[in-house]
Amino acid sequence: MEKTEKQWKKLGFVLKDGAVGVERTQQFGSRYTYYTENDVRPLTEEEKLLNQNYKYV
């Protein structure tokens, strides 16, 4: 399953060091980078505390 960095973060995951995603261009030229399950890891407890006030827009 491919998701953007923001989508993974909403699910409680962050990108691993050196993660390389696949860039895709959407209709009207918007570009997004998608990552698979192999490119992410679960947030640590400390990261969860640091990100609890982060607003996902």
# chains A, B, ... in the order shown; residues from 1 in each chain; ligands from 1
$ residues_around --residues "region 27-33 of chain A" --least-positions-apart "4" --cutoff "9 Å" --atoms "only C-alpha atoms" --output "count of residues only"
7
$ atom_distance --atom1 "CA of Tyr34 (chain A)" --atom2 "CA of Leu50 (chain A)"
23.8 Å
$ atom_distance --atom1 "CA of Lys16 (chain A)" --atom2 "CA of Gln52 (chain A)"
19.5 Å
$ select_by_dssp --residues "chain A" --states "strand (DSSP E)" --output "list in words"
Lys3, Thr4, Phe13, Val14, Leu15, Val22, Glu23, Arg24, Thr25, Arg31, Tyr32, Thr33, Tyr34, Tyr35, Val40, Arg41 and Pro42 of chain A
$ write_last_selection --atoms "all heavy atoms" --output "compact mmCIF listing (two decimals), in the first residue's frame"
# COMPACT_ATOMS: atom_id res chain seq x y z
N LYS A 3 1.49 5.37 0.30
CA LYS A 3 0.90 6.56 0.91
C LYS A 3 1.96 7.66 0.90
O LYS A 3 3.16 7.39 0.83
CB LYS A 3 0.48 6.29 2.34
CG LYS A 3 -0.59 5.23 2.47
CD LYS A 3 -1.07 5.12 3.90
CE LYS A 3 -2.14 4.08 4.04
NZ LYS A 3 -3.29 4.28 3.22
N THR A 4 1.50 8.90 1.03
CA THR A 4 2.43 10.01 1.16
C THR A 4 2.97 10.05 2.58
O THR A 4 2.45 9.39 3.49
CB THR A 4 1.74 11.35 0.85
OG1 THR A 4 0.73 11.57 1.83
CG2 THR A 4 1.15 11.38 -0.55
N PHE A 13 3.20 6.51 11.67
CA PHE A 13 4.46 6.03 11.11
C PHE A 13 5.29 7.20 10.60
O PHE A 13 4.75 8.24 10.24
CB PHE A 13 4.21 5.07 9.93
CG PHE A 13 3.57 3.79 10.33
CD1 PHE A 13 2.19 3.68 10.43
CD2 PHE A 13 4.34 2.68 10.62
CE1 PHE A 13 1.59 2.50 10.81
CE2 PHE A 13 3.75 1.48 10.99
CZ PHE A 13 2.37 1.38 11.09
N VAL A 14 6.61 7.03 10.59
CA VAL A 14 7.51 8.01 10.01
C VAL A 14 8.42 7.31 9.01
O VAL A 14 8.60 6.09 9.07
CB VAL A 14 8.38 8.73 11.07
CG1 VAL A 14 7.54 9.62 11.95
CG2 VAL A 14 9.18 7.75 11.88
N LEU A 15 9.01 8.10 8.12
CA LEU A 15 9.90 7.53 7.12
C LEU A 15 11.19 7.05 7.78
O LEU A 15 11.72 7.69 8.69
CB LEU A 15 10.25 8.58 6.06
CG LEU A 15 9.10 9.11 5.22
CD1 LEU A 15 9.62 10.15 4.25
CD2 LEU A 15 8.40 7.99 4.49
N VAL A 22 8.40 6.96 -4.59
CA VAL A 22 8.12 7.07 -6.01
C VAL A 22 7.34 8.36 -6.23
O VAL A 22 6.28 8.55 -5.64
CB VAL A 22 7.29 5.86 -6.51
CG1 VAL A 22 6.93 6.03 -7.97
CG2 VAL A 22 8.04 4.58 -6.27
N GLU A 23 7.90 9.25 -7.05
CA GLU A 23 7.22 10.52 -7.31
C GLU A 23 6.22 10.34 -8.43
O GLU A 23 6.52 9.76 -9.47
CB GLU A 23 8.24 11.59 -7.69
CG GLU A 23 7.63 12.97 -7.70
CD GLU A 23 8.68 14.05 -7.84
OE1 GLU A 23 9.36 14.36 -6.86
OE2 GLU A 23 8.81 14.55 -8.97
N ARG A 24 5.03 10.84 -8.18
CA ARG A 24 3.97 10.75 -9.17
C ARG A 24 3.39 12.13 -9.42
O ARG A 24 3.23 12.92 -8.49
CB ARG A 24 2.86 9.83 -8.67
CG ARG A 24 3.35 8.45 -8.38
CD ARG A 24 2.43 7.41 -8.94
NE ARG A 24 3.03 6.10 -8.84
CZ ARG A 24 2.67 5.18 -7.96
NH1 ARG A 24 1.68 5.43 -7.14
NH2 ARG A 24 3.27 4.03 -7.94
N THR A 25 3.05 12.40 -10.66
CA THR A 25 2.42 13.66 -11.02
C THR A 25 0.94 13.42 -11.19
O THR A 25 0.52 12.53 -11.93
CB THR A 25 3.02 14.22 -12.33
OG1 THR A 25 4.42 14.37 -12.15
CG2 THR A 25 2.40 15.56 -12.68
N ARG A 31 2.57 17.26 -7.73
CA ARG A 31 3.48 16.12 -7.59
C ARG A 31 3.52 15.65 -6.14
O ARG A 31 3.60 16.46 -5.22
CB ARG A 31 4.89 16.50 -8.03
CG ARG A 31 5.00 16.59 -9.52
CD ARG A 31 6.41 16.49 -9.95
NE ARG A 31 6.97 17.84 -10.07
CZ ARG A 31 8.22 18.07 -10.41
NH1 ARG A 31 9.04 17.09 -10.64
NH2 ARG A 31 8.64 19.30 -10.52
N TYR A 32 3.47 14.35 -5.96
CA TYR A 32 3.51 13.75 -4.63
C TYR A 32 4.49 12.58 -4.65
O TYR A 32 4.63 11.91 -5.66
CB TYR A 32 2.13 13.22 -4.21
CG TYR A 32 1.09 14.30 -4.12
CD1 TYR A 32 0.25 14.58 -5.18
CD2 TYR A 32 0.96 15.06 -2.97
CE1 TYR A 32 -0.71 15.58 -5.11
CE2 TYR A 32 0.01 16.07 -2.88
CZ TYR A 32 -0.82 16.32 -3.95
OH TYR A 32 -1.75 17.32 -3.87
N THR A 33 5.13 12.35 -3.51
CA THR A 33 6.02 11.21 -3.36
C THR A 33 5.32 10.18 -2.49
O THR A 33 4.85 10.50 -1.40
CB THR A 33 7.36 11.62 -2.74
OG1 THR A 33 7.94 12.65 -3.54
CG2 THR A 33 8.32 10.44 -2.69
N TYR A 34 5.24 8.96 -2.98
CA TYR A 34 4.57 7.87 -2.28
C TYR A 34 5.58 6.87 -1.75
O TYR A 34 6.59 6.60 -2.39
CB TYR A 34 3.59 7.16 -3.23
CG TYR A 34 2.38 8.01 -3.54
CD1 TYR A 34 2.40 8.93 -4.58
CD2 TYR A 34 1.23 7.92 -2.76
CE1 TYR A 34 1.30 9.73 -4.86
CE2 TYR A 34 0.12 8.71 -3.02
CZ TYR A 34 0.16 9.61 -4.08
OH TYR A 34 -0.92 10.39 -4.34
N TYR A 35 5.27 6.33 -0.56
CA TYR A 35 6.15 5.38 0.12
C TYR A 35 5.36 4.12 0.47
O TYR A 35 4.16 4.18 0.72
CB TYR A 35 6.70 6.00 1.41
CG TYR A 35 7.47 7.27 1.16
CD1 TYR A 35 6.84 8.51 1.21
CD2 TYR A 35 8.82 7.24 0.86
CE1 TYR A 35 7.53 9.69 0.97
CE2 TYR A 35 9.53 8.41 0.61
CZ TYR A 35 8.88 9.62 0.67
OH TYR A 35 9.57 10.78 0.42
N VAL A 40 8.73 2.85 5.94
CA VAL A 40 8.30 3.53 7.17
C VAL A 40 8.51 2.64 8.39
O VAL A 40 8.68 1.43 8.28
CB VAL A 40 6.82 3.96 7.09
CG1 VAL A 40 6.61 4.99 6.00
CG2 VAL A 40 5.90 2.78 6.88
N ARG A 41 8.48 3.29 9.55
CA ARG A 41 8.55 2.59 10.83
C ARG A 41 7.58 3.26 11.79
O ARG A 41 7.22 4.42 11.60
CB ARG A 41 9.97 2.62 11.39
CG ARG A 41 10.45 4.04 11.70
CD ARG A 41 11.74 4.05 12.50
NE ARG A 41 12.21 5.41 12.70
CZ ARG A 41 11.72 6.28 13.57
NH1 ARG A 41 10.72 5.93 14.35
NH2 ARG A 41 12.21 7.49 13.69
N PRO A 42 7.15 2.55 12.83
CA PRO A 42 6.23 3.16 13.80
C PRO A 42 6.91 4.30 14.55
O PRO A 42 8.12 4.28 14.76
CB PRO A 42 5.91 2.02 14.76
CG PRO A 42 6.32 0.77 14.07
CD PRO A 42 7.41 1.15 13.12
$ select_by_dssp --residues "region 3-57 of chain A" --states "alpha helix (DSSP H)" --output "number ranges by chain"
A: 5-10, 45-51
$ decode --residues "chain A" --atoms "C-alpha atoms" --output "short mmCIF file (atom, residue, chain, number, x, y, z; two decimals), in the first residue's frame"
data_model
loop_
_atom_site.label_atom_id
_atom_site.label_comp_id
_atom_site.auth_asym_id
_atom_site.auth_seq_id
_atom_site.Cartn_x
_atom_site.Cartn_y
_atom_site.Cartn_z
CA MET A 1 0.00 0.00 0.00
CA GLU A 2 1.50 3.35 -1.02
CA LYS A 3 0.90 6.56 0.91
CA THR A 4 2.43 10.01 1.16
CA GLU A 5 4.58 10.97 4.13
CA LYS A 6 1.67 12.94 5.61
CA GLN A 7 -0.71 9.97 5.23
CA TRP A 8 1.76 7.65 6.98
CA LYS A 9 2.25 10.15 9.79
CA LYS A 10 -1.51 10.30 10.40
CA LEU A 11 -1.38 6.51 10.86
CA GLY A 12 1.49 6.74 13.37
CA PHE A 13 4.46 6.03 11.11
CA VAL A 14 7.51 8.01 10.01
CA LEU A 15 9.90 7.53 7.12
CA LYS A 16 13.01 5.44 7.74
CA ASP A 17 16.37 7.08 7.14
CA GLY A 18 17.24 6.91 3.47
CA ALA A 19 13.69 6.11 2.36
CA VAL A 20 13.21 6.72 -1.35
CA GLY A 21 9.68 6.97 -2.59
CA VAL A 22 8.12 7.07 -6.01
CA GLU A 23 7.22 10.52 -7.31
CA ARG A 24 3.97 10.75 -9.17
CA THR A 25 2.42 13.66 -11.02
CA GLN A 26 -1.29 14.08 -10.53
CA GLN A 27 -3.77 15.75 -12.80
CA PHE A 28 -3.07 19.49 -13.19
CA GLY A 29 0.63 19.02 -12.33
CA SER A 30 0.58 18.37 -8.58
CA ARG A 31 3.48 16.12 -7.59
CA TYR A 32 3.51 13.75 -4.63
CA THR A 33 6.02 11.21 -3.36
CA TYR A 34 4.57 7.87 -2.28
CA TYR A 35 6.15 5.38 0.12
CA THR A 36 5.44 1.72 0.86
CA GLU A 37 5.34 -0.18 4.17
CA ASN A 38 9.03 -1.00 3.69
CA ASP A 39 9.92 2.72 3.79
CA VAL A 40 8.30 3.53 7.17
CA ARG A 41 8.55 2.59 10.83
CA PRO A 42 6.23 3.16 13.80
CA LEU A 43 6.64 6.37 15.78
CA THR A 44 8.52 5.97 19.06
CA GLU A 45 6.82 7.05 22.29
CA GLU A 46 8.99 10.19 22.34
CA GLU A 47 8.05 11.03 18.75
CA LYS A 48 4.38 10.54 19.57
CA LEU A 49 4.65 13.07 22.40
CA LEU A 50 6.48 15.56 20.19
CA ASN A 51 3.92 15.20 17.41
CA GLN A 52 0.70 15.10 19.43
CA ASN A 53 0.08 18.80 18.83
CA TYR A 54 0.94 18.60 15.13
CA LYS A 55 -2.06 19.51 13.00
CA TYR A 56 -2.66 17.31 9.97
CA VAL A 57 -4.17 19.38 7.23
#
